[in-house]
file target_0.cif (mmCIF, C-alpha atoms and all ligand atoms)
data_upload
loop_
_atom_site.label_atom_id
_atom_site.label_comp_id
_atom_site.auth_asym_id
_atom_site.auth_seq_id
_atom_site.Cartn_x
_atom_site.Cartn_y
_atom_site.Cartn_z
CA MET A 26 127.89 102.16 58.32
CA ARG A 27 127.06 99.74 61.10
CA THR A 28 129.99 97.90 62.58
CA LEU A 29 130.41 94.72 64.53
CA LEU A 30 132.14 95.33 67.82
CA LEU A 31 134.43 92.65 69.16
CA LEU A 32 135.88 92.95 72.59
CA PRO A 33 139.16 91.18 73.21
CA SER A 34 138.79 88.04 75.25
CA LEU A 35 140.72 87.82 78.48
CA ALA A 36 141.18 84.10 78.15
CA ALA A 37 144.58 83.59 76.62
CA ALA A 38 145.13 79.96 77.47
CA LEU A 39 146.99 79.20 74.28
CA LEU A 40 148.74 82.48 73.93
CA SER A 41 150.72 83.17 77.07
CA PRO A 42 153.21 86.03 76.77
CA ALA A 43 156.52 84.49 75.90
CA VAL A 44 158.94 84.82 73.08
CA GLN A 45 158.72 84.05 69.36
CA ALA A 46 156.96 81.37 67.42
CA GLN A 47 158.98 78.99 65.33
CA GLN A 48 159.11 79.74 61.61
CA SER A 49 159.80 77.64 58.56
CA PRO A 50 163.46 76.67 58.17
CA GLN A 51 163.87 78.71 54.99
CA THR A 52 162.86 81.94 56.59
CA PRO A 53 164.54 83.55 59.51
CA PRO A 54 161.53 85.48 60.83
CA PRO A 55 161.79 89.14 61.67
CA GLN A 56 162.24 89.29 65.42
CA PRO A 57 160.97 92.63 66.63
CA LYS A 58 161.82 93.14 70.27
CA GLN A 59 158.35 94.13 71.37
CA VAL A 60 155.73 91.67 70.24
CA ASN A 61 152.40 91.55 71.97
CA TYR A 62 151.29 88.07 72.98
CA ASP A 63 148.76 89.22 75.54
CA GLU A 64 145.09 88.88 74.51
CA ALA A 65 144.09 91.44 77.12
CA ALA A 66 146.36 94.04 75.51
CA ILE A 67 144.61 93.93 72.14
CA PRO A 68 142.73 97.20 71.72
CA PRO A 69 139.01 96.82 70.91
CA TYR A 70 138.37 96.69 67.19
CA ALA A 71 135.46 96.63 64.78
CA LEU A 72 135.45 94.39 61.72
CA PRO A 73 134.23 95.77 58.38
CA GLU A 74 130.79 94.40 57.72
CA LEU A 75 130.64 91.39 55.48
CA LEU A 76 127.02 91.44 54.37
CA ARG A 77 126.39 95.15 54.05
CA THR A 78 127.54 97.38 51.22
CA PRO A 79 129.18 100.74 51.94
CA ALA A 80 125.88 102.31 50.84
CA GLY A 81 124.17 100.43 53.67
CA VAL A 82 122.37 97.79 51.61
CA GLU A 83 122.11 94.46 53.37
CA ILE A 84 123.03 91.36 51.36
CA LYS A 85 120.37 88.75 52.02
CA THR A 86 120.67 86.18 49.25
CA ALA A 87 123.29 83.96 47.67
CA THR A 88 122.60 85.66 44.33
CA ASP A 89 123.28 89.09 45.79
CA TRP A 90 126.47 87.78 47.33
CA ILE A 91 127.70 86.32 44.04
CA GLN A 92 126.57 89.16 41.81
CA LYS A 93 127.11 92.21 44.01
CA ARG A 94 129.01 91.76 47.25
CA ARG A 95 131.62 89.18 46.24
CA PRO A 96 132.95 91.21 43.29
CA ALA A 97 133.06 94.32 45.50
CA VAL A 98 134.95 92.52 48.30
CA LEU A 99 137.33 90.93 45.79
CA SER A 100 138.06 94.32 44.31
CA LEU A 101 138.71 95.79 47.78
CA TYR A 102 141.12 92.94 48.53
CA GLU A 103 142.90 93.68 45.26
CA GLN A 104 143.13 97.40 45.89
CA HIS A 105 144.18 97.26 49.52
CA VAL A 106 146.03 93.99 50.15
CA PHE A 107 147.29 91.84 47.27
CA GLY A 108 146.92 94.01 44.17
CA LYS A 109 145.18 93.22 40.93
CA THR A 110 146.18 90.12 38.99
CA PRO A 111 146.52 90.88 35.27
CA THR A 112 143.69 89.52 33.17
CA GLN A 113 145.74 88.67 30.06
CA TRP A 114 148.97 86.79 29.53
CA GLY A 115 148.43 85.16 26.15
CA LYS A 116 148.99 81.53 25.34
CA VAL A 117 150.04 79.19 28.13
CA VAL A 118 152.43 76.45 26.95
CA PHE A 119 152.64 72.99 28.57
CA GLU A 120 155.71 70.88 27.91
CA THR A 121 156.06 67.43 29.46
CA LEU A 122 159.67 67.09 30.62
CA ALA A 123 159.60 63.64 32.21
CA VAL A 124 157.22 60.84 33.14
CA LYS A 125 158.15 58.16 35.66
CA LYS A 126 155.57 55.39 35.94
CA ASP A 127 157.01 53.68 39.00
CA ALA A 128 157.63 56.60 41.33
CA LEU A 129 157.21 56.14 45.09
CA GLU A 130 157.94 52.41 44.89
CA GLY A 131 155.40 51.90 42.16
CA LYS A 132 152.61 53.73 43.96
CA ALA A 133 152.59 56.76 41.68
CA THR A 134 153.23 58.13 38.24
CA ARG A 135 155.33 61.27 38.48
CA LYS A 136 155.11 63.86 35.73
CA LEU A 137 157.26 66.96 35.39
CA VAL A 138 155.68 69.60 33.20
CA ARG A 139 157.02 73.05 32.30
CA ILE A 140 154.33 75.72 32.16
CA SER A 141 155.42 78.87 30.35
CA LEU A 142 154.03 81.81 28.39
CA ALA A 143 154.43 82.05 24.62
CA ASP A 144 154.35 85.86 24.71
CA TYR A 145 156.89 86.21 27.54
CA PRO A 146 159.80 83.90 26.66
CA LYS A 147 162.08 85.74 29.10
CA TRP A 148 160.20 84.14 31.95
CA GLN A 149 161.61 80.63 32.31
CA GLY A 150 158.26 79.21 33.31
CA LEU A 151 157.35 77.06 36.29
CA GLU A 152 158.04 73.38 36.72
CA LEU A 153 155.03 71.45 37.89
CA MET A 154 155.63 68.14 39.66
CA LEU A 155 152.51 65.97 39.57
CA HIS A 156 152.09 62.63 41.36
CA ILE A 157 149.12 60.50 40.32
CA PRO A 158 148.17 57.34 42.24
CA ASN A 159 148.76 54.26 40.08
CA GLU A 160 145.87 52.41 41.68
CA ALA A 161 143.36 54.98 40.44
CA LYS A 162 140.45 53.54 38.49
CA GLY A 163 139.62 56.84 36.79
CA PRO A 164 140.36 60.57 37.03
CA VAL A 165 141.29 61.50 40.60
CA PRO A 166 140.88 64.67 42.70
CA CYS A 167 144.05 66.70 43.13
CA PHE A 168 145.73 68.92 45.74
CA VAL A 169 147.59 71.87 44.24
CA GLY A 170 150.12 73.86 46.26
CA PRO A 171 153.41 75.73 46.03
CA ASN A 172 156.53 74.52 47.84
CA PHE A 173 159.36 76.39 49.57
CA GLY A 174 162.41 74.33 48.73
CA GLY A 175 162.03 73.05 45.16
CA ASN A 176 160.44 69.89 43.78
CA HIS A 177 163.60 67.98 44.69
CA ALA A 178 162.95 68.89 48.33
CA VAL A 179 159.34 67.64 48.20
CA SER A 180 160.13 64.31 46.57
CA PRO A 181 162.05 61.72 48.56
CA GLU A 182 163.48 60.34 45.27
CA PRO A 183 166.92 61.22 43.88
CA ASP A 184 166.03 61.57 40.21
CA VAL A 185 163.98 64.76 40.50
CA PRO A 186 166.14 67.53 39.00
CA LEU A 187 167.55 70.06 41.45
CA SER A 188 165.96 73.47 41.13
CA THR A 189 168.35 75.90 39.47
CA ARG A 190 166.51 79.06 40.50
CA TRP A 191 167.27 81.61 43.19
CA MET A 192 166.46 80.29 46.66
CA ARG A 193 166.34 81.89 50.08
CA GLN A 194 169.35 81.10 52.19
CA GLY A 195 168.43 79.09 55.29
CA LYS A 196 170.57 78.06 58.23
CA ASP A 197 171.28 74.58 56.86
CA ASP A 198 173.25 73.66 53.70
CA ALA A 199 170.21 72.84 51.52
CA VAL A 200 170.97 76.15 49.83
CA ALA A 201 174.40 77.65 49.10
CA ASN A 202 174.91 81.01 47.40
CA ASN A 203 171.15 81.20 46.93
CA ARG A 204 171.09 78.01 44.86
CA ALA A 205 169.78 74.56 45.81
CA THR A 206 172.32 71.89 46.72
CA GLU A 207 172.10 68.09 46.83
CA LYS A 208 171.69 68.43 50.60
CA GLY A 209 168.23 69.84 50.01
CA ARG A 210 166.84 66.62 48.56
CA GLY A 211 163.82 65.38 50.43
CA THR A 212 164.06 68.09 53.09
CA GLU A 213 160.44 69.07 52.58
CA ALA A 214 159.12 65.53 52.11
CA LYS A 215 157.60 65.45 55.59
CA ARG A 216 155.44 68.41 54.68
CA TRP A 217 154.22 66.59 51.58
CA PRO A 218 153.19 63.05 52.63
CA LEU A 219 152.76 61.85 49.05
CA ASP A 220 152.40 58.23 50.17
CA LEU A 221 149.36 59.17 52.23
CA ALA A 222 147.76 61.20 49.44
CA MET A 223 148.34 58.36 46.95
CA ALA A 224 146.83 55.80 49.34
CA GLU A 225 143.80 58.07 49.74
CA GLY A 226 143.38 58.32 45.96
CA PHE A 227 144.48 61.94 45.52
CA ALA A 228 146.93 63.36 43.01
CA VAL A 229 149.31 66.06 44.27
CA ALA A 230 150.58 68.93 42.10
CA THR A 231 153.29 71.29 43.33
CA TYR A 232 155.81 73.84 42.07
CA TYR A 233 158.67 75.80 43.56
CA TYR A 234 157.25 79.26 44.25
CA GLY A 235 160.54 80.91 43.26
CA ASP A 236 159.94 79.72 39.68
CA VAL A 237 157.35 82.48 39.42
CA GLU A 238 159.21 85.08 41.46
CA PRO A 239 162.27 84.94 43.69
CA ASP A 240 161.18 85.79 47.24
CA HIS A 241 163.04 89.02 48.00
CA THR A 242 162.26 92.70 47.52
CA ASP A 243 163.94 92.90 44.11
CA GLY A 244 162.79 89.42 43.07
CA TRP A 245 160.16 90.79 40.71
CA LYS A 246 162.93 91.98 38.38
CA ASP A 247 163.83 88.37 37.61
CA GLY A 248 160.32 87.02 37.93
CA LEU A 249 157.05 86.93 36.12
CA ARG A 250 155.87 90.32 37.40
CA GLY A 251 158.87 92.12 36.01
CA THR A 252 158.75 90.26 32.72
CA MET A 253 155.08 90.97 32.18
CA SER A 254 155.19 94.62 33.22
CA LYS A 255 155.56 97.03 30.33
CA ASN A 256 157.76 94.55 28.51
CA GLY A 257 160.03 94.33 31.50
CA SER A 258 160.74 98.03 31.84
CA GLN A 259 158.68 98.82 34.93
CA THR A 260 160.79 100.28 37.70
CA GLU A 261 158.37 100.65 40.56
CA TRP A 262 155.08 99.29 41.78
CA LYS A 263 152.08 101.50 42.34
CA GLU A 264 149.11 101.25 44.69
CA GLY A 265 146.87 98.45 43.44
CA ASP A 266 149.57 96.68 41.37
CA TRP A 267 149.99 93.01 42.21
CA GLY A 268 152.61 91.74 44.62
CA ALA A 269 154.54 88.49 44.85
CA ILE A 270 151.71 86.63 46.61
CA GLY A 271 149.47 87.51 43.67
CA ALA A 272 152.10 86.18 41.27
CA TRP A 273 152.58 82.93 43.22
CA ALA A 274 148.78 82.49 43.31
CA TRP A 275 148.69 83.08 39.54
CA GLY A 276 151.08 80.13 39.18
CA LEU A 277 148.57 77.92 41.01
CA SER A 278 145.86 78.93 38.56
CA ARG A 279 148.10 78.05 35.61
CA ILE A 280 148.52 74.61 37.17
CA ALA A 281 144.72 74.38 37.24
CA ASP A 282 144.82 75.22 33.50
CA TYR A 283 147.20 72.32 32.93
CA LEU A 284 145.18 69.92 35.06
CA ALA A 285 142.15 70.60 32.88
CA THR A 286 144.14 68.93 30.07
CA GLU A 287 145.35 65.99 32.18
CA PRO A 288 143.12 62.93 31.69
CA ALA A 289 144.30 61.26 34.91
CA VAL A 290 143.01 64.18 37.02
CA ASP A 291 139.42 65.25 37.62
CA ALA A 292 139.88 68.99 37.18
CA LYS A 293 136.46 69.61 38.72
CA LYS A 294 137.89 68.31 41.99
CA LEU A 295 140.79 70.57 42.87
CA ALA A 296 141.91 71.59 46.36
CA VAL A 297 144.45 74.38 46.83
CA ILE A 298 146.83 74.21 49.78
CA GLY A 299 149.66 76.30 51.19
CA HIS A 300 151.66 76.81 54.35
CA SER A 301 152.59 80.12 55.96
CA ARG A 302 153.36 82.76 53.27
CA LEU A 303 152.22 80.11 50.83
CA GLY A 304 149.04 79.71 52.92
CA LYS A 305 148.38 83.41 52.31
CA THR A 306 148.97 82.50 48.66
CA SER A 307 146.54 79.56 48.65
CA LEU A 308 143.85 81.72 50.25
CA TRP A 309 144.33 84.39 47.59
CA ALA A 310 144.34 81.78 44.81
CA GLY A 311 141.15 80.26 46.23
CA ALA A 312 139.53 83.68 46.56
CA GLN A 313 140.10 84.50 42.91
CA ASP A 314 139.86 81.15 41.14
CA ARG A 315 136.64 79.23 41.64
CA ARG A 316 138.09 76.09 40.10
CA PHE A 317 139.59 75.44 43.54
CA LYS A 318 136.65 73.77 45.24
CA VAL A 319 138.49 73.31 48.52
CA VAL A 320 140.82 75.93 49.98
CA VAL A 321 143.33 75.06 52.70
CA SER A 322 145.20 77.59 54.81
CA ASN A 323 147.95 76.02 56.91
CA ASN A 324 149.35 78.41 59.55
CA SER A 325 148.92 81.34 57.15
CA GLY A 326 148.97 84.03 59.86
CA GLU A 327 149.16 87.76 59.20
CA GLY A 328 148.07 88.72 55.70
CA GLY A 329 146.43 85.27 55.51
CA ALA A 330 143.72 83.94 57.81
CA ALA A 331 144.67 85.91 60.94
CA LEU A 332 142.52 89.00 61.50
CA MET A 333 144.78 92.00 60.87
CA ARG A 334 142.93 94.14 63.43
CA ARG A 335 144.08 91.93 66.30
CA ASN A 336 147.34 93.40 67.43
CA ILE A 337 148.99 90.18 68.58
CA GLY A 338 151.95 88.23 67.20
CA GLU A 339 152.91 89.53 63.75
CA THR A 340 151.31 92.84 62.79
CA THR A 341 150.67 94.72 59.56
CA ALA A 342 153.54 97.05 60.46
CA VAL A 343 155.99 94.19 60.88
CA ILE A 344 154.98 92.20 57.81
CA THR A 345 154.92 95.15 55.43
CA LYS A 346 158.35 96.25 56.64
CA ALA A 347 159.93 92.80 56.35
CA PHE A 348 158.13 91.62 53.21
CA PRO A 349 156.81 94.66 51.32
CA HIS A 350 157.03 92.81 48.01
CA TRP A 351 154.38 90.27 49.02
CA PHE A 352 151.56 92.81 48.90
CA THR A 353 150.33 95.76 46.91
CA LYS A 354 151.88 99.05 47.98
CA THR A 355 148.66 100.32 49.58
CA TYR A 356 148.75 97.62 52.24
CA SER A 357 151.69 99.19 54.07
CA SER A 358 149.61 102.33 54.70
CA TYR A 359 147.64 100.25 57.21
CA ALA A 360 150.67 99.68 59.44
CA ASN A 361 149.52 100.76 62.93
CA ASN A 362 146.36 101.93 61.21
CA GLU A 363 144.49 98.68 60.54
CA SER A 364 141.08 100.15 61.32
CA ALA A 365 141.35 102.29 58.17
CA CYS A 366 141.57 99.22 55.96
CA PRO A 367 138.19 98.45 54.38
CA VAL A 368 138.77 94.69 54.57
CA ASP A 369 139.91 92.10 57.07
CA SER A 370 140.60 88.42 56.66
CA HIS A 371 137.05 87.19 57.41
CA MET A 372 136.34 88.69 53.98
CA LEU A 373 139.22 86.77 52.39
CA ILE A 374 137.74 83.53 53.73
CA ALA A 375 134.23 84.54 52.63
CA LEU A 376 135.45 85.06 49.05
CA ALA A 377 135.65 81.27 48.77
CA ALA A 378 131.96 80.79 49.67
CA PRO A 379 130.15 78.52 49.04
CA ARG A 380 133.25 76.40 48.39
CA ALA A 381 134.86 74.67 51.36
CA VAL A 382 137.64 76.26 53.44
CA TYR A 383 139.86 74.60 56.03
CA ILE A 384 141.90 76.83 58.35
CA ALA A 385 144.58 75.26 60.54
CA SER A 386 146.74 76.62 63.33
CA ALA A 387 149.46 75.23 65.58
CA VAL A 388 149.64 75.82 69.32
CA GLU A 389 153.24 77.02 69.36
CA ASP A 390 152.77 79.21 66.28
CA ARG A 391 151.80 82.28 68.26
CA TRP A 392 153.49 84.55 65.71
CA ALA A 393 150.66 83.59 63.29
CA ASP A 394 147.93 84.32 65.90
CA PRO A 395 145.99 81.03 66.05
CA LYS A 396 142.98 82.68 67.62
CA GLY A 397 142.89 85.32 64.88
CA GLU A 398 143.04 82.53 62.30
CA PHE A 399 140.07 80.85 63.98
CA LEU A 400 138.07 84.08 64.16
CA SER A 401 138.33 84.90 60.46
CA GLY A 402 136.55 81.63 59.64
CA LEU A 403 133.96 82.29 62.32
CA HIS A 404 133.16 85.78 61.04
CA ALA A 405 133.07 84.56 57.44
CA GLU A 406 130.22 82.16 58.20
CA PRO A 407 127.33 84.49 57.31
CA ALA A 408 128.46 84.40 53.65
CA PHE A 409 128.37 80.58 53.68
CA ASN A 410 124.99 80.61 55.45
CA LEU A 411 123.50 82.47 52.48
CA PHE A 412 124.05 79.24 50.51
CA GLY A 413 122.61 77.05 53.24
CA LYS A 414 126.14 75.97 54.20
CA LYS A 415 127.35 75.64 57.77
CA GLY A 416 130.57 76.86 59.32
CA TYR A 417 132.41 75.72 62.43
CA GLY A 418 129.36 74.90 64.55
CA VAL A 419 131.23 76.32 67.56
CA ALA A 420 131.92 79.90 68.62
CA GLU A 421 135.11 79.28 70.61
CA GLN A 422 138.42 77.81 69.52
CA PRO A 423 138.15 74.01 69.92
CA ALA A 424 140.44 71.91 72.09
CA ILE A 425 143.87 71.04 70.69
CA ASP A 426 143.87 68.34 67.97
CA THR A 427 140.08 68.41 67.76
CA PRO A 428 138.92 69.45 64.28
CA VAL A 429 135.55 71.20 64.01
CA GLY A 430 133.39 72.46 61.19
CA ASP A 431 131.38 71.70 58.13
CA THR A 432 131.95 73.85 55.00
CA VAL A 433 134.31 76.05 57.03
CA ALA A 434 136.53 73.88 59.23
CA TYR A 435 139.32 74.48 61.74
CA HIS A 436 141.83 72.75 63.92
CA ILE A 437 144.64 73.79 66.19
CA ARG A 438 147.26 71.10 66.37
CA THR A 439 149.96 70.34 68.90
CA GLY A 440 153.39 71.67 67.93
CA ILE A 441 155.14 74.31 65.92
CA HIS A 442 154.69 76.30 62.70
CA ASP A 443 154.80 73.48 60.14
CA VAL A 444 152.71 71.15 57.99
CA THR A 445 152.45 67.66 59.42
CA ARG A 446 150.95 64.31 58.50
CA TYR A 447 148.22 65.01 61.03
CA ASP A 448 147.32 68.21 59.14
CA TRP A 449 147.18 66.32 55.83
CA GLU A 450 145.01 63.58 57.32
CA GLN A 451 142.43 66.22 58.17
CA TYR A 452 142.69 67.95 54.77
CA LEU A 453 142.34 64.71 52.84
CA ARG A 454 139.25 63.71 54.81
CA PHE A 455 137.79 67.20 54.39
CA ALA A 456 138.52 67.26 50.66
CA ARG A 457 137.00 63.85 50.12
CA ARG A 458 133.82 64.97 51.88
CA HIS A 459 133.47 68.19 49.91
CA LEU A 460 134.77 67.18 46.50
CA ASN A 461 132.37 64.28 46.28
CA GLN A 462 129.36 66.52 46.71
CA PRO A 463 127.33 67.55 43.67
CA GLU A 464 128.10 71.05 42.38
C1 LIG B 501 157.72 84.98 58.40
C2 LIG B 501 156.56 85.94 58.22
C3 LIG B 501 155.21 85.23 58.18
C4 LIG B 501 155.25 84.07 57.21
C5 LIG B 501 156.41 83.18 57.52
C6 LIG B 501 156.63 82.02 56.54
O1 LIG B 501 157.70 84.51 59.68
O2 LIG B 501 156.63 86.89 59.24
O3 LIG B 501 154.18 86.13 57.82
O4 LIG B 501 154.01 83.39 57.22
O5 LIG B 501 157.61 83.92 57.49
O6 LIG B 501 156.21 82.10 55.41
O7 LIG B 501 157.29 81.07 56.92
#

call {"tool": "encode", "arguments": {"input": "target_0.cif", "output": "structure tokens"}}
result
Amino acid sequence: MRTLLLLPSLAAALLSPAVQAQQSPQTPPPQPKQVNYDEAAIPPYALPELLRTPAGVEIKTATDWIQKRRPAVLSLYEQHVFGKTPTQWGKVVFETLAVKKDALEGKATRKLVRISLADYPKWQGLELMLHIPNEAKGPVPCFVGPNFGGNHAVSPEPDVPLSTRWMRQGKDDAVANNRATEKGRGTEAKRWPLDLAMAEGFAVATYYYGDVEPDHTDGWKDGLRGTMSKNGSQTEWKEGDWGAIGAWAWGLSRIADYLATEPAVDAKKLAVIGHSRLGKTSLWAGAQDRRFKVVVSNNSGEGGAALMRRNIGETTAVITKAFPHWFTKTYSSYANNESACPVDSHMLIALAAPRAVYIASAVEDRWADPKGEFLSGLHAEPAFNLFGKKGYGVAEQPAIDTPVGDTVAYHIRTGIHDVTRYDWEQYLRFARRHLNQPE
């Protein structure tokens, strides 16, 4: 098998060796003492070939990509990284819990909808919060993404019910005894600039990721995975079984199911978005579910957009030790042995082709390896080229706060690990450009 050899660059302007990157407030990051932040110390690596099958056949057409290579790459990603999402779950039930026509000072209609499974009543379902711009003249495009802190944390308004589910304990008092408190209201609103999305004519659909599975190693027992597995009696997870990221991504696809029934939304114009671990989730949702026409990865890092073979910032060893439940069991066998893994994240990005992908980094988020996030999009481009689509249009990371790209786009923004209004401004512009194109 031919391989593509990449030598580590010596230029590490953005990645000087210093201490840790900032993480989201909900998640005290693992802080291993020895983290490499030196580009020059990354051992040479070879990426698995994107457009050549293991038997050596070169993929030269879009048809061959769609019919042969894409299913093979998807299956490798299932087997080695995220696990296989079940194919059957029976009837999905939608129950409208509340409609507020004058949300956000009259700018939006807010709907709360419970999405549950008729065959698995033990699972309490997920609560979708949907904002639709009131000024819309017809069905609107929609961003779909999971949130970290509950719908009450995303909305700035006091009448959104507090989440009652298990929540990760942060340093502040938004969560006490692993349950949301009133102090958590609006704490994530900055990451979800609903006013901006409404003004731009986009609906926004979100759910608390813990509705599908609490984010800890035993969380599956109280979540969807446990409920669905052998009628709830599964006691361990095997190689190739799905992990929590797969379950959270599944939740996004069920929201797409609901949106197909929602007259105010144009379900042919969906963008999926996520930050950090939920950026890994949005990439995996976008890889599997082609209803997401635009896929956004915000600071998704290791296990997301960052190339796993670059030993810099967070590594496979660190992530699989701290968060084994996110992935399929097989993934941990690549700790300190990444070269044995038959995939890397350029293939995760390519799985979205020819749909549009936006990858974003932040300068101070060195833990997530901004350069590795950039490179996955760059090395995914040949898959997009098969469809006559263009990627970044540049081979080097662009200057700070300078978005680049066409069907695959990228920016590295000033600041820390976070989602900002600036990030959303770019995503909204990108989504408008791509969702208004003919199929
Ligand atoms: C930790 C983890 C990252 C993850 C991040 C987050 O820092 O190491 O992989 O992206 O949490 O989700 O906030």

call {"tool": "residues_around", "arguments": {"input": "target_0.cif", "residues": "A:Leu308", "least_positions_apart": "3", "cutoff": "7 Å", "atoms": "only C-alpha atoms", "output": "list of chain:residue names"}}
result
A:Gly304, A:Lys305, A:Gly311, A:Ala312, A:Val320, A:Ser322, A:Gly329

call {"tool": "axis_aligned_box", "arguments": {"input": "target_0.cif", "around": "ligand LIG 501 (chain B)", "padding_each_side": "4 Å", "output": "JSON"}}
result
{"center_x": 155.9, "center_y": 84.0, "center_z": 57.5, "size_x": 11.7, "size_y": 13.8, "size_z": 12.3}

call {"tool": "closest_residue", "arguments": {"input": "target_0.cif", "among": "A:Gly131, A:Gly268, A:Gly328, A:Gly150", "to": "ligand LIG 501 (chain B)", "atoms": "only C-alpha atoms and all ligand atoms"}}
result
A:Gly328

call {"tool": "closest_residue", "arguments": {"input": "target_0.cif", "among": "A:Ala205, A:Ala310, A:Leu75, A:Ala342", "to": "ligand LIG 501 (chain B)", "atoms": "all atoms listed in the file"}}
result
A:Ala342

call {"tool": "residues_around", "arguments": {"input": "target_0.cif", "residues": "A:Tyr359", "least_positions_apart": "5", "cutoff": "12 Å", "atoms": "only C-alpha atoms", "output": "ChimeraX atom specification"}}
result
/A:105-106,328,333-334,340-346,352-354,364-369

call {"tool": "closest_residue", "arguments": {"input": "target_0.cif", "among": "A:Met154, A:Val229, A:Ile437, A:Leu277", "to": "A:Ala123", "atoms": "all atoms listed in the file"}}
result
A:Met154

call {"tool": "residues_around", "arguments": {"input": "target_0.cif", "residues": "stretch 287-298 of chain A", "least_positions_apart": "3", "cutoff": "8 Å", "atoms": "all atoms listed in the file", "output": "VMD selection string"}}
result
chain A and resid 157 163 to 171 228 277 281 283 to 284 304 307 310 to 311 316 to 323 456 460

call {"tool": "atom_distance", "arguments": {"input": "target_0.cif", "atom1": "atom CA of A:Asp127", "atom2": "atom CA of A:Met223"}}
result
12.7 Å

call {"tool": "closest_residue", "arguments": {"input": "target_0.cif", "among": "A:Trp90, A:Tyr70, A:Tyr435, A:Trp351", "to": "ligand LIG 501 (chain B)", "atoms": "only C-alpha atoms and all ligand atoms"}}
result
A:Trp351

call {"tool": "atom_distance", "arguments": {"input": "target_0.cif", "atom1": "atom CA of A:Phe455", "atom2": "atom CA of A:Ala87"}}
result
23.2 Å

call {"tool": "atom_distance", "arguments": {"input": "target_0.cif", "atom1": "atom CA of A:Arg190", "atom2": "atom CA of A:Arg204"}}
result
6.4 Å

call {"tool": "residues_around", "arguments": {"input": "target_0.cif", "residues": "A:Phe409", "least_positions_apart": "4", "cutoff": "6 Å", "atoms": "only C-alpha atoms", "output": "number ranges by chain"}}
result
A: 378-379, 414

call {"tool": "closest_residue", "arguments": {"input": "target_0.cif", "among": "A:Trp267, A:Trp191, A:Phe173, A:Tyr233", "to": "ligand LIG 501 (chain B)", "atoms": "all atoms listed in the file"}}
result
A:Phe173

call {"tool": "closest_residue", "arguments": {"input": "target_0.cif", "among": "A:Pro73, A:Pro186, A:Pro68, A:Gly413", "to": "A:Met372", "atoms": "only C-alpha atoms"}}
result
A:Pro73

call {"tool": "residues_near_point", "arguments": {"input": "target_0.cif", "point": "(149.3, 88.2, 38.7)", "cutoff": "7 Å", "atoms": "all atoms listed in the file", "output": "JSON, numbers by chain"}}
result
{"A": [109, 110, 111, 267, 271, 272, 275]}

call {"tool": "residues_near_point", "arguments": {"input": "target_0.cif", "point": "(131.7, 74.2, 64.8)", "cutoff": "10 Å", "atoms": "all atoms listed in the file", "output": "NGL selection string"}}
result
:A and (403 or 415-423 or 428-435)
